[in-house]
Structures are given as structure tokens and as C-alpha cells.
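Data block for query-v8.pdb (PDB, C-alpha atoms):
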```pdb
ATOM      1  CA  ASN W   1     -25.679  16.064  -0.794
ATOM      2  CA  LYS W   2     -23.797  18.231   1.697
ATOM      3  CA  TYR W   3     -20.304  17.588   0.373
ATOM      4  CA  LYS W   4     -18.172  19.864  -1.767
ATOM      5  CA  HIS W   5     -19.710  21.278  -4.968
ATOM      6  CA  SER W   6     -18.179  23.165  -7.911
ATOM      7  CA  LEU W   7     -20.270  24.960 -10.538
ATOM      8  CA  ASN W   8     -17.395  25.916 -12.865
ATOM      9  CA  LEU W   9     -19.139  28.997 -14.233
ATOM     10  CA  PHE W  10     -16.014  31.176 -14.123
ATOM     11  CA  SER W  11     -12.273  30.875 -14.802
ATOM     12  CA  MET W  12      -9.061  32.325 -13.392
ATOM     13  CA  PRO W  13      -7.979  35.195 -15.723
ATOM     14  CA  GLY W  14      -4.234  34.497 -15.460
ATOM     15  CA  LEU W  15      -4.729  30.831 -16.224
ATOM     16  CA  ASN W  16      -6.972  31.697 -19.162
ATOM     17  CA  ARG W  17      -4.175  33.709 -20.755
ATOM     18  CA  LEU W  18      -1.727  30.838 -20.301
ATOM     19  CA  LEU W  19      -4.106  28.236 -21.713
ATOM     20  CA  GLY W  20      -4.926  30.568 -24.597
ATOM     21  CA  MET W  21      -1.364  30.145 -25.864
ATOM     22  CA  GLY W  22      -2.253  26.569 -26.828
ATOM     23  CA  GLY W  23       0.243  23.757 -27.417
ATOM     24  CA  ASP W  24       0.485  20.173 -28.543
ATOM     25  CA  ILE W  25      -0.941  18.955 -25.232
ATOM     26  CA  ILE W  26      -2.645  20.826 -22.403
ATOM     27  CA  HIS W  27      -2.714  18.663 -19.264
ATOM     28  CA  LEU W  28      -5.136  19.838 -16.568
ATOM     29  CA  HIS W  29      -4.944  18.321 -13.100
ATOM     30  CA  TRP W  30      -7.615  20.499 -11.503
ATOM     31  CA  ILE W  31     -10.327  22.699 -12.971
ATOM     32  CA  ASN W  32     -12.698  23.053  -9.987
ATOM     33  CA  ASN W  33     -13.321  25.907  -7.533
ATOM     34  CA  GLU W  34     -13.891  28.083 -10.631
ATOM     35  CA  THR W  35     -10.367  27.427 -11.950
ATOM     36  CA  VAL W  36     -11.533  26.641 -15.504
ATOM     37  CA  SER W  37     -15.163  27.064 -16.544
ATOM     38  CA  LEU W  38     -16.904  24.472 -18.694
ATOM     39  CA  PRO W  39     -17.349  26.903 -21.631
ATOM     40  CA  LYS W  40     -13.649  27.840 -21.378
ATOM     41  CA  LEU W  41     -12.704  24.157 -21.496
ATOM     42  CA  LYS W  42     -14.546  23.843 -24.799
ATOM     43  CA  GLU W  43     -12.723  26.908 -26.096
ATOM     44  CA  ILE W  44      -9.207  25.747 -25.168
ATOM     45  CA  SER W  45      -9.863  22.293 -26.639
ATOM     46  CA  HIS W  46      -9.424  23.933 -30.050
ATOM     47  CA  LYS W  47      -6.028  25.383 -29.085
ATOM     48  CA  ALA W  48      -4.243  22.050 -28.543
ATOM     49  CA  LYS W  49      -3.954  18.736 -30.363
ATOM     50  CA  LYS W  50      -5.094  16.964 -27.199
ATOM     51  CA  ILE W  51      -6.461  17.885 -23.782
ATOM     52  CA  VAL W  52      -5.514  15.576 -20.894
ATOM     53  CA  ILE W  53      -7.551  15.834 -17.693
ATOM     54  CA  THR W  54      -6.546  13.934 -14.554
ATOM     55  CA  LEU W  55      -9.444  12.991 -12.270
ATOM     56  CA  HIS W  56      -8.575  13.375  -8.590
ATOM     57  CA  ASP W  57     -12.177  12.825  -7.476
ATOM     58  CA  GLU W  58     -15.550  11.981  -9.063
ATOM     59  CA  TRP W  59     -16.695  15.507  -9.973
ATOM     60  CA  TRP W  60     -16.511  14.769 -13.693
ATOM     61  CA  LEU W  61     -18.897  11.833 -13.323
ATOM     62  CA  GLY W  62     -21.799  13.779 -11.848
ATOM     63  CA  GLY W  63     -23.253  17.259 -11.721
ATOM     64  CA  CYS W  64     -21.763  19.765  -9.268
ATOM     65  CA  GLU W  65     -20.907  17.272  -6.517
ATOM     66  CA  HIS W  66     -17.405  16.006  -5.845
ATOM     67  CA  TYR W  67     -18.929  12.892  -4.207
ATOM     68  CA  PRO W  68     -22.005  12.223  -6.367
ATOM     69  CA  ASP W  69     -24.787   9.679  -5.905
ATOM     70  CA  PRO W  70     -23.547   6.420  -7.534
ATOM     71  CA  LEU W  71     -27.013   5.672  -8.962
ATOM     72  CA  ARG W  72     -27.226   9.020 -10.743
ATOM     73  CA  VAL W  73     -23.646   8.571 -11.976
ATOM     74  CA  GLN W  74     -24.563   5.227 -13.548
ATOM     75  CA  ASN W  75     -28.048   6.057 -14.827
ATOM     76  CA  GLY W  76     -27.808   9.765 -15.594
ATOM     77  CA  TYR W  77     -29.445  12.732 -13.909
ATOM     78  CA  SER W  78     -33.150  12.433 -14.682
ATOM     79  CA  GLN W  79     -36.128  14.094 -13.051
ATOM     80  CA  HIS W  80     -37.180  10.675 -11.749
ATOM     81  CA  ASN W  81     -34.039  10.007  -9.655
ATOM     82  CA  PHE W  82     -33.906  13.483  -8.090
ATOM     83  CA  THR W  83     -34.538  13.158  -4.335
ATOM     84  CA  GLY W  84     -34.074  16.800  -3.366
ATOM     85  CA  LYS W  85     -36.427  19.758  -3.417
ATOM     86  CA  GLY W  86     -36.608  22.744  -5.737
ATOM     87  CA  PHE W  87     -34.294  23.273  -8.690
ATOM     88  CA  ASP W  88     -32.001  20.321  -9.548
ATOM     89  CA  LEU W  89     -28.699  22.183  -9.806
ATOM     90  CA  ASP W  90     -26.746  18.959 -10.280
ATOM     91  CA  ARG W  91     -28.848  17.894 -13.266
ATOM     92  CA  TRP W  92     -28.365  21.312 -14.846
ATOM     93  CA  ARG W  93     -24.575  20.999 -14.712
ATOM     94  CA  PHE W  94     -24.686  17.337 -15.734
ATOM     95  CA  LEU W  95     -26.555  18.252 -18.931
ATOM     96  CA  GLU W  96     -23.990  20.986 -19.611
ATOM     97  CA  LYS W  97     -21.197  18.427 -19.225
ATOM     98  CA  ILE W  98     -22.944  16.117 -21.706
ATOM     99  CA  ASN W  99     -23.130  18.961 -24.209
ATOM    100  CA  ILE W 100     -19.427  19.776 -23.832
ATOM    101  CA  ILE W 101     -18.199  16.168 -23.862
ATOM    102  CA  ARG W 102     -20.063  15.553 -27.119
ATOM    103  CA  LYS W 103     -18.206  18.427 -28.749
ATOM    104  CA  ILE W 104     -14.691  17.722 -27.424
ATOM    105  CA  ASN W 105     -14.711  13.961 -26.734
ATOM    106  CA  SER W 106     -12.449  13.155 -29.694
ATOM    107  CA  ASN W 107      -9.902  15.689 -28.448
ATOM    108  CA  ILE W 108      -9.786  14.721 -24.785
ATOM    109  CA  VAL W 109      -8.112  11.956 -22.747
ATOM    110  CA  PHE W 110      -8.869  11.374 -19.071
ATOM    111  CA  THR W 111      -6.313   9.856 -16.726
ATOM    112  CA  VAL W 112      -7.202   8.304 -13.379
ATOM    113  CA  PRO W 113      -4.870   7.435 -10.471
ATOM    114  CA  SER W 114      -6.330   4.020  -9.576
ATOM    115  CA  SER W 115      -8.179   0.996 -10.929
ATOM    116  CA  GLN W 116     -11.128   1.879  -8.685
ATOM    117  CA  MET W 117     -11.443   5.250 -10.435
ATOM    118  CA  TYR W 118     -11.019   3.608 -13.841
ATOM    119  CA  ASN W 119     -13.964   1.290 -13.149
ATOM    120  CA  ALA W 120     -16.037   4.209 -11.840
ATOM    121  CA  VAL W 121     -15.398   6.234 -15.004
ATOM    122  CA  LYS W 122     -16.160   3.335 -17.340
ATOM    123  CA  GLY W 123     -19.354   2.608 -15.386
ATOM    124  CA  SER W 124     -20.581   6.203 -15.585
ATOM    125  CA  LYS W 125     -23.273   7.527 -17.912
ATOM    126  CA  LEU W 126     -21.225  10.572 -18.836
ATOM    127  CA  LEU W 127     -17.712   9.262 -19.576
ATOM    128  CA  SER W 128     -18.209   5.571 -20.402
ATOM    129  CA  SER W 129     -17.276   6.153 -24.065
ATOM    130  CA  SER W 130     -14.375   8.528 -23.340
ATOM    131  CA  SER W 131     -10.694   7.637 -23.632
ATOM    132  CA  VAL W 132      -9.384   6.788 -20.139
ATOM    133  CA  MET W 133      -5.862   5.807 -19.049
ATOM    134  CA  LEU W 134      -4.621   4.717 -15.610
ATOM    135  CA  VAL W 135      -1.594   6.735 -14.450
ATOM    136  CA  PRO W 136      -0.966   6.692 -10.663
ATOM    137  CA  ASN W 137      -0.009   9.764  -8.671
ATOM    138  CA  VAL W 138       3.711  10.345  -8.357
ATOM    139  CA  LEU W 139       5.601   9.866  -5.106
ATOM    140  CA  SER W 140       7.096  13.168  -3.967
ATOM    141  CA  LYS W 141      10.880  13.123  -3.849
ATOM    142  CA  ASP W 142      10.666  15.588  -0.929
ATOM    143  CA  LEU W 143       8.725  12.993   1.054
ATOM    144  CA  LEU W 144      11.430  10.412   0.432
ATOM    145  CA  ASP W 145      14.424  12.602   1.197
ATOM    146  CA  MET W 146      13.176  14.823   4.024
ATOM    147  CA  PRO W 147      13.807  13.570   7.583
ATOM    148  CA  PRO W 148      10.891  13.531  10.061
ATOM    149  CA  ASP W 149      10.373  16.683  12.108
ATOM    150  CA  GLU W 150      12.098  16.239  15.478
ATOM    151  CA  ASP W 151       9.777  18.602  17.355
ATOM    152  CA  THR W 152       6.738  16.574  16.303
ATOM    153  CA  ILE W 153       8.443  13.314  17.281
ATOM    154  CA  ASP W 154       9.401  14.733  20.690
ATOM    155  CA  PHE W 155       5.822  15.910  21.300
ATOM    156  CA  ILE W 156       4.407  12.481  20.432
ATOM    157  CA  ASN W 157       6.936  10.575  22.537
ATOM    158  CA  SER W 158       6.299  12.808  25.545
ATOM    159  CA  ASN W 159       2.613  11.876  25.440
ATOM    160  CA  ILE W 160       2.780   8.114  24.872
ATOM    161  CA  SER W 161       4.246   5.192  26.781
ATOM    162  CA  GLN W 162       5.857   1.905  25.782
ATOM    163  CA  GLU W 163       2.631   0.077  26.676
ATOM    164  CA  ASP W 164       0.549   2.071  24.171
ATOM    165  CA  PHE W 165      -0.569   0.767  20.785
ATOM    166  CA  VAL W 166      -0.352   3.838  18.549
ATOM    167  CA  LEU W 167      -2.652   4.383  15.560
ATOM    168  CA  CYS W 168      -2.582   7.338  13.163
ATOM    169  CA  PHE W 169      -5.392   9.051  11.246
ATOM    170  CA  GLY W 170      -4.891  12.147   9.095
ATOM    171  CA  ALA W 171      -7.554  14.128   7.214
ATOM    172  CA  ILE W 172      -8.595  17.721   6.622
ATOM    173  CA  GLY W 173     -11.048  18.343   9.436
ATOM    174  CA  GLY W 174      -9.651  15.467  11.498
ATOM    175  CA  LEU W 175     -12.137  12.976  12.968
ATOM    176  CA  GLY W 176     -14.980  15.241  11.837
ATOM    177  CA  ASN W 177     -14.299  14.372   8.191
ATOM    178  CA  LYS W 178     -17.028  11.835   7.341
ATOM    179  CA  VAL W 179     -15.792  11.218   3.780
ATOM    180  CA  LYS W 180     -12.424  10.110   5.161
ATOM    181  CA  GLY W 181     -14.114   7.870   7.709
ATOM    182  CA  GLY W 182     -13.580   9.842  10.896
ATOM    183  CA  GLY W 183     -16.988   8.826  12.235
ATOM    184  CA  VAL W 184     -16.631   5.077  11.650
ATOM    185  CA  LEU W 185     -13.123   5.139  13.136
ATOM    186  CA  LYS W 186     -14.300   6.816  16.342
ATOM    187  CA  SER W 187     -17.277   4.505  16.782
ATOM    188  CA  SER W 188     -15.042   1.480  16.111
ATOM    189  CA  LEU W 189     -12.531   2.611  18.729
ATOM    190  CA  ASP W 190     -15.346   3.260  21.200
ATOM    191  CA  ASN W 191     -16.429  -0.363  20.818
ATOM    192  CA  LEU W 192     -12.937  -1.843  20.591
ATOM    193  CA  ALA W 193     -11.687  -0.129  23.741
ATOM    194  CA  MET W 194     -14.380  -1.820  25.829
ATOM    195  CA  THR W 195     -12.996  -5.281  25.042
ATOM    196  CA  ARG W 196      -9.230  -4.600  24.856
ATOM    197  CA  ALA W 197      -6.987  -4.280  27.874
ATOM    198  CA  GLN W 198      -4.176  -2.811  25.747
ATOM    199  CA  ASN W 199      -3.773   0.964  25.853
ATOM    200  CA  ILE W 200      -4.768   2.601  22.565
ATOM    201  CA  VAL W 201      -3.546   6.042  21.473
ATOM    202  CA  LEU W 202      -4.883   7.591  18.270
ATOM    203  CA  LEU W 203      -2.660  10.230  16.653
ATOM    204  CA  THR W 204      -4.736  12.628  14.551
ATOM    205  CA  PHE W 205      -3.814  15.561  12.353
ATOM    206  CA  GLY W 206      -5.576  17.862   9.921
ATOM    207  CA  ALA W 207      -7.539  20.191  12.228
ATOM    208  CA  GLY W 208      -7.558  21.926  15.602
ATOM    209  CA  LYS W 209      -4.712  22.485  18.030
ATOM    210  CA  ARG W 210      -2.210  20.225  19.726
ATOM    211  CA  GLY W 211      -3.672  18.455  22.703
ATOM    212  CA  LYS W 212      -4.624  15.180  24.340
ATOM    213  CA  THR W 213      -8.161  13.981  25.077
ATOM    214  CA  ASP W 214      -9.165  10.943  27.142
ATOM    215  CA  PHE W 215     -12.065   8.838  25.909
ATOM    216  CA  ASP W 216     -13.454   5.668  27.486
ATOM    217  CA  GLY W 217     -10.619   3.182  27.092
ATOM    218  CA  TYR W 218      -8.368   5.120  24.706
ATOM    219  CA  GLN W 219      -6.754   8.501  24.124
ATOM    220  CA  VAL W 220      -6.656  10.879  21.161
ATOM    221  CA  LEU W 221      -3.448  12.863  20.706
ATOM    222  CA  ASN W 222      -4.233  15.603  18.198
ATOM    223  CA  LEU W 223      -1.264  17.185  16.400
ATOM    224  CA  GLY W 224      -3.367  19.908  14.796
ATOM    225  CA  TYR W 225      -2.941  21.129  11.243
ATOM    226  CA  LEU W 226       0.453  20.069   9.861
ATOM    227  CA  ASP W 227       1.762  22.365   7.134
ATOM    228  CA  ARG W 228       5.127  20.710   6.470
ATOM    229  CA  ILE W 229       5.950  17.358   4.878
ATOM    230  CA  SER W 230       8.446  16.642   7.648
ATOM    231  CA  GLN W 231       5.676  16.945  10.271
ATOM    232  CA  VAL W 232       3.375  14.541   8.417
ATOM    233  CA  LYS W 233       6.248  12.083   8.015
ATOM    234  CA  ALA W 234       6.997  12.327  11.736
ATOM    235  CA  ALA W 235       3.379  11.590  12.696
ATOM    236  CA  LEU W 236       3.123   8.599  10.387
ATOM    237  CA  SER W 237       6.500   7.194  11.412
ATOM    238  CA  GLN W 238       5.603   7.122  15.121
ATOM    239  CA  ALA W 239       2.459   5.012  14.648
ATOM    240  CA  PHE W 240       2.347   1.231  14.554
ATOM    241  CA  VAL W 241      -0.339   1.384  11.864
ATOM    242  CA  THR W 242      -2.142   4.105   9.888
ATOM    243  CA  VAL W 243      -5.937   3.836   9.604
ATOM    244  CA  MET W 244      -7.599   5.009   6.362
ATOM    245  CA  PRO W 245     -11.309   4.192   6.713
ATOM    246  CA  SER W 246     -12.389   6.360   3.745
ATOM    247  CA  TYR W 247     -15.530   5.147   1.995
ATOM    248  CA  ASN W 248     -14.529   6.994  -1.176
ATOM    249  CA  GLU W 249     -10.815   7.330  -1.998
ATOM    250  CA  PRO W 250      -9.765   7.850  -5.647
ATOM    251  CA  PHE W 251      -6.102   7.145  -4.881
ATOM    252  CA  GLY W 252      -4.940   7.095  -1.265
ATOM    253  CA  GLN W 253      -2.151   9.615  -0.793
ATOM    254  CA  ILE W 254      -1.938   9.049   2.961
ATOM    255  CA  ALA W 255      -1.463   5.317   2.327
ATOM    256  CA  VAL W 256       1.570   6.022   0.125
ATOM    257  CA  GLU W 257       2.967   8.522   2.627
ATOM    258  CA  SER W 258       2.470   6.069   5.490
ATOM    259  CA  LEU W 259       4.322   3.282   3.692
ATOM    260  CA  VAL W 260       7.144   5.680   2.813
ATOM    261  CA  ALA W 261       7.393   6.180   6.578
ATOM    262  CA  ARG W 262       7.445   2.348   6.941
ATOM    263  CA  THR W 263       4.076   2.181   8.692
ATOM    264  CA  PRO W 264       1.514  -0.379   7.427
ATOM    265  CA  VAL W 265      -2.028   0.698   6.558
ATOM    266  CA  ILE W 266      -5.570  -0.404   7.402
ATOM    267  CA  ALA W 267      -8.045   0.648   4.700
ATOM    268  CA  TYR W 268     -11.371  -0.124   3.037
ATOM    269  CA  LYS W 269     -10.764  -2.507   0.145
ATOM    270  CA  LYS W 270     -13.189  -0.996  -2.390
ATOM    271  CA  THR W 271     -11.205   2.216  -2.927
ATOM    272  CA  GLY W 272      -8.077   3.344  -4.767
ATOM    273  CA  VAL W 273      -6.012   2.081  -1.819
ATOM    274  CA  LEU W 274      -6.344  -1.417  -3.309
ATOM    275  CA  ASP W 275      -3.630  -0.429  -5.811
ATOM    276  CA  ILE W 276      -1.290   0.624  -2.990
ATOM    277  CA  VAL W 277      -1.762  -1.710  -0.015
ATOM    278  CA  GLU W 278      -1.315  -5.477  -0.319
ATOM    279  CA  HIS W 279      -3.431  -7.391   2.173
ATOM    280  CA  HIS W 280      -1.292  -9.057   4.887
ATOM    281  CA  LYS W 281       1.881  -7.836   3.151
ATOM    282  CA  SER W 282       1.847  -4.062   3.633
ATOM    283  CA  GLY W 283      -1.375  -3.689   5.587
ATOM    284  CA  PHE W 284      -4.950  -4.874   6.078
ATOM    285  CA  LEU W 285      -7.892  -4.343   3.705
ATOM    286  CA  PHE W 286     -11.368  -4.802   5.187
ATOM    287  CA  GLU W 287     -14.154  -6.012   2.887
ATOM    288  CA  ASN W 288     -17.319  -4.455   4.318
ATOM    289  CA  TYR W 289     -17.746  -0.842   5.316
ATOM    290  CA  SER W 290     -18.813  -1.338   8.919
ATOM    291  CA  ASP W 291     -17.583  -0.960  12.484
ATOM    292  CA  GLU W 292     -17.309  -4.744  12.758
ATOM    293  CA  SER W 293     -15.003  -5.068   9.726
ATOM    294  CA  LEU W 294     -12.764  -2.201  10.817
ATOM    295  CA  ILE W 295     -12.585  -3.547  14.385
ATOM    296  CA  SER W 296     -11.591  -6.963  13.027
ATOM    297  CA  SER W 297      -8.683  -5.418  11.097
ATOM    298  CA  LEU W 298      -7.621  -3.335  14.097
ATOM    299  CA  GLU W 299      -7.618  -6.416  16.319
ATOM    300  CA  GLU W 300      -5.630  -8.368  13.730
ATOM    301  CA  ALA W 301      -2.986  -5.638  13.626
ATOM    302  CA  MET W 302      -2.797  -5.412  17.415
ATOM    303  CA  ASN W 303      -2.501  -9.175  17.799
ATOM    304  CA  LEU W 304       0.223  -9.375  15.184
ATOM    305  CA  GLY W 305       2.743  -7.478  17.302
ATOM    306  CA  VAL W 306       5.071  -4.564  16.652
ATOM    307  CA  GLY W 307       7.881  -6.667  15.143
ATOM    308  CA  ARG W 308       5.684  -8.134  12.414
ATOM    309  CA  LEU W 309       4.112  -4.737  11.700
ATOM    310  CA  LYS W 310       7.562  -3.261  11.170
ATOM    311  CA  MET W 311       8.335  -5.999   8.636
ATOM    312  CA  MET W 312       5.117  -5.162   6.790
ATOM    313  CA  GLY W 313       6.023  -1.481   6.798
ATOM    314  CA  GLU W 314       9.456  -2.213   5.373
ATOM    315  CA  TYR W 315       7.977  -4.327   2.586
ATOM    316  CA  GLY W 316       5.412  -1.613   1.778
ATOM    317  CA  HIS W 317       8.107   1.063   1.716
ATOM    318  CA  ASN W 318      10.133  -0.812  -0.890
ATOM    319  CA  GLU W 319       7.048  -1.433  -3.041
ATOM    320  CA  VAL W 320       5.711   2.148  -3.159
ATOM    321  CA  VAL W 321       9.170   3.613  -3.800
ATOM    322  CA  LYS W 322       9.518   1.276  -6.776
ATOM    323  CA  ARG W 323       5.993   1.595  -8.189
ATOM    324  CA  PHE W 324       5.276   5.303  -7.678
ATOM    325  CA  SER W 325       8.725   6.823  -8.212
ATOM    326  CA  SER W 326       8.995   9.970 -10.330
ATOM    327  CA  GLU W 327      11.018   8.027 -12.899
ATOM    328  CA  ASN W 328       8.311   5.373 -13.265
ATOM    329  CA  ILE W 329       5.329   7.749 -13.404
ATOM    330  CA  SER W 330       7.141  10.226 -15.685
ATOM    331  CA  LYS W 331       7.770   7.433 -18.179
ATOM    332  CA  GLN W 332       4.092   6.476 -18.123
ATOM    333  CA  LEU W 333       3.094  10.085 -18.809
ATOM    334  CA  LEU W 334       5.630  10.526 -21.612
ATOM    335  CA  ASP W 335       4.453   7.289 -23.215
ATOM    336  CA  LEU W 336       0.863   8.541 -22.986
ATOM    337  CA  TYR W 337       1.758  11.888 -24.586
ATOM    338  CA  ALA W 338       3.636  10.114 -27.408
ATOM    339  CA  ASP W 339       0.641   7.839 -28.081
ATOM    340  CA  ILE W 340      -2.011  10.548 -28.301
ATOM    341  CA  VAL W 341      -0.259  13.271 -30.307
TER
END
```

So, in terms of C-alpha cells, how does the structure I just supplied come out?
Amino acid sequence: NKYKHSLNLFSMPGLNRLLGMGGDIIHLHWINNETVSLPKLKEISHKAKKIVITLHDEWWLGGCEHYPDPLRVQNGYSQHNFTGKGFDLDRWRFLEKINIIRKINSNIVFTVPSSQMYNAVKGSKLLSSSSVMLVPNVLSKDLLDMPPDEDTIDFINSNISQEDFVLCFGAIGGLGNKVKGGGVLKSSLDNLAMTRAQNIVLLTFGAGKRGKTDFDGYQVLNLGYLDRISQVKAALSQAFVTVMPSYNEPFGQIAVESLVARTPVIAYKKTGVLDIVEHHKSGFLFENYSDESLISSLEEAMNLGVGRLKMMGEYGHNEVVKRFSSENISKQLLDLYADIV
């Protein structure tokens, strides 16, 4: 497993002092990258009536991996299902998690941002008996209120024509991010471009520098790393559709951001995006994780026409603003806190 790992052997000193003050509820959204060690988590569980931990990926279900093997998640980390060589570091941390969960399980509540994550947690060996609540991520008010960056819009418009069908893909590492589906998107476009006469331009952001690259039958316009919300909003707003071919997606932040920008979304159905995108209403959800399924959704979007896509984007915008507003999500959190204290 070559994806991100966190051992959680150490803790941040400043955060330790803050958590040491205790409280009725301590709500942790992120403990990885040595933010809070596993032994420290056990210690602070005695300083609050309840600990709430929000799961933004599947690290808590496995050993050290943030994208663990589903079979080991479901069956546990035994010596028999270890496929690597040498010391099984993931099993070592998994057993430590079991030890800690046993001691603090009555004092801890996990929240997950999507039904897909809820099912993954309840199907896991480690957390199947834990208390789990579904509370979606909140929609940033800054994203709603901030206008798109004009410089980014001007750059995009100067590099596309009225004949182009514009797609958008954003991920840390750009098309090189395999977890976010960069590889399957590129191979799908390679195949699609051979059979489509329509010009295709793929806007990408998340890595590299601004520039335009010609491939066989389509172009990639890379916007580089975008460090402002207004730039992301500009990129998403200039596309006809945003493509999110992630195989594993606990929530789908880009899907929400795209619909805020009134751009429909193409995504893999068996992820957290299912709670955000409505098939044929605010986007397209493909059933099987393959080039053929993604190509089929891309062709459907292209055949639908810009006018219909804009109507889908408008519908999606209204839905995500209503469902993921700060007022709505804050109420869900306050209700949760009231129930568990």
C-alpha cells in the first residue's frame, strides 16, 4: 500500500495543553500526521464527558493506511491476510487501535460525512460496535459569497474557443493523483477523443504550473496549484461539467464546490458523492469503475448540450445550498451534542 500512512506515535505539544483542559465535549476533526497520538487520545478521553471524532477518510478503520485494504478492514488484520513482506506495521497499529477502542468506546462518538462512510464504518471489524452518526460537511459561506477570480477566468477564456466542450478536474497532484481518479480520466479521454469530433478541453488544477498541453484529440489546460477559494470557484464555473472519478471519496468536497458554481458533476456512484449528486438532476453517476462507464457518462453529458447542463447546475446549486448550509449542519451538530452529554 503506497498511499498515505499515519503512525500516530506523537502529539503536538500546544494541542496537548489545550486538550488537557478538558470540557463537556472534545470534538476532533483530525488527529493524523502525529497531531494526536493514540495513547494521548486514551488520556484525554478521561478529561471530557464525550469525545467526538469526525472521520474524513478511512484511517480509523485500518492500521496506518488512510486507504486500507477493504478485506482487512472487514476481517481484521491477521497474519493470514498479510500480503507484504517483513514486519506488518499496519497490523501492529490495528491491534493498538483495538486496545484503545475497548477502553474508551463508551466515551466516544464517531461522525461521518456520508452514507458511504457510515456503511464502511459499520462494516468494519474495528468500529462496527461503536456509536456512529452521519453529519455532512458544512458548506463554506466564503465559497457562497466570494465572486470568481477574474484573472483565472480571463486566462481560461483566452485559451478556449466557443467550439470547445470544457471539463474540469481538480485534485492535489492533478492527473497524477490515482486515488482521485486521474489515471482513469486520462485513459478515458484518450479513448473518447478518438471517436468524438467535438473539441475537448480539460481544465485541471492542484499541481504544476499554468500551461496548455495538446494530446491526441483533446487539450489539457492546467491552472496549477490554486491557493484561493475565488480561483477554485472560477475554474469550476467555466467548465460545462466537473469530473470526479475518485474510487474512494468519503464525502466529495469538489462536488459541492462545483454545484455551488452551478456546474454539474460526473462521479463514481459508490462513494460519498452519492449523497451530493442526484443522477440526471445535478449530474451523472456511473455504476462501474471502468473507462467504459466513465466514457458513457462523458458522452451523455456532451450529447445533452450546454443549455440542459446549465439547468442541472442550477438545480444542484439550490440543493447543496439548502442541504449543506452552515445553519443546517450547525443544528445537526448541536442536536448531537445535546443527545450525548

What separation in Å, quoted to one decimal, exists between atom CA of W:Lys2 and atom CA of W:Pro68? 10.2 Å

Test item: the PyMOL selection byres ((chain W and resi 114-130) around 10) resolved as JSON, numbers by chain: {"W": [55, 56, 57, 58, 60, 61, 62, 63, 70, 71, 72, 73, 74, 75, 76, 77, 94, 95, 97, 98, 101, 102, 105, 106, 107, 108, 109, 110, 111, 112, 113, 131, 132, 133, 134, 135, 136, 137, 248, 249, 250, 251, 252, 269, 270, 271, 272, 273, 274, 275, 276]}

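For the atom pair formed by atom CA of W:Thr152 and atom CA of W:Arg196, the distance is 27.9 Å, given to one decimal.
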
What's the 12 Å shell around W:Met311, counting only C-alpha atoms, without same-chain residues fewer than 4 positions away, as a compact mmCIF listing (two decimals) with C-alpha atoms, in the coordinates of the input?
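Result file out38.txt:
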```
# COMPACT_ATOMS: atom_id res chain seq x y z
CA PHE W 240 2.35 1.23 14.55
CA VAL W 241 -0.34 1.38 11.86
CA LEU W 259 4.32 3.28 3.69
CA ARG W 262 7.44 2.35 6.94
CA THR W 263 4.08 2.18 8.69
CA PRO W 264 1.51 -0.38 7.43
CA HIS W 280 -1.29 -9.06 4.89
CA LYS W 281 1.88 -7.84 3.15
CA SER W 282 1.85 -4.06 3.63
CA GLY W 283 -1.38 -3.69 5.59
CA LEU W 304 0.22 -9.38 15.18
CA GLY W 305 2.74 -7.48 17.30
CA VAL W 306 5.07 -4.56 16.65
CA GLY W 307 7.88 -6.67 15.14
CA TYR W 315 7.98 -4.33 2.59
CA GLY W 316 5.41 -1.61 1.78
CA HIS W 317 8.11 1.06 1.72
CA ASN W 318 10.13 -0.81 -0.89
```

Apply the PyMOL selection byres ((chain W and resi 141) around 12) to the file shown and report the selected residues as a PyMOL selection string. chain W and resi 138-140+142-147+229+257+260+321+324-327

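Compared by their closest atoms to W:Leu167, and using only C-alpha atoms, the residues W:Leu236, W:Ile104, W:Leu89, W:Val256 rank with W:Leu236 nearest.
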
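Atom CA of W:Gln332 is found 27.6 Å from atom CA of W:Ile100.
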
Could you state which residues are captured by the PyMOL selection byres ((chain W and resi 4) around 6) in this file, as a PDB file with C-alpha atoms, keeping the file's coordinate frame?
```
ATOM      1  CA  TYR W   3     -20.304  17.588   0.373  1.00  0.00           C
ATOM      2  CA  HIS W   5     -19.710  21.278  -4.968  1.00  0.00           C
ATOM      3  CA  HIS W  66     -17.405  16.006  -5.845  1.00  0.00           C
TER       4      HIS W  66
END
```

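Among the candidate residues W:Leu221, W:Ala207, W:Met302, W:Val232, the one lying nearest to W:Glu150 is W:Val232, with distances computed using all atoms listed in the file.
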
Please return as a ChimeraX atom specification every residue within 12 Å of (-9.7, 23.1, -32.2), taking into account only C-alpha atoms and the file's own coordinates. /W:20,22-25,41-51,103-108

Enclose all atoms of stretch 38-42 of chain W listed in the file in an axis-aligned box, grow every side by 4 Å, and hand back centre and edge lengths in Å to one decimal, as lines of an AutoDock Vina configuration file.
```
center_x = -15.0
center_y = 25.8
center_z = -21.7
size_x = 12.6
size_y = 12.0
size_z = 14.1
```

Contact residues around W:Tyr247 with all atoms listed in the file at 9 Å, ignoring same-chain residues under 5 positions, as a ChimeraX atom specification: /W:178-181,268,270-271,289

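The residue that comes closest to W:Lys186, out of W:Leu333, W:Ala338, W:Pro245, W:Ala255 and on the basis of only C-alpha atoms, is W:Pro245.
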
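Closest approach to W:Val184 among W:Leu336, W:Ser290, W:Ser11, W:Val36 is made by W:Ser290 (distances from all atoms listed in the file).
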
Need the shell around W:Val166: protein/DNA/RNA residues with any atom at most 10 Å away, counting all atoms listed in the file. Skip same-chain ones fewer than 4 positions apart. Format as number ranges by chain? W: 160-162, 199-203, 219-221, 238-242, 302

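Restricting the calculation to all atoms listed in the file, the smallest distance between W:Leu38 and any of W:Cys64, W:Ile329, W:Leu226, W:Leu334 is found for W:Cys64.
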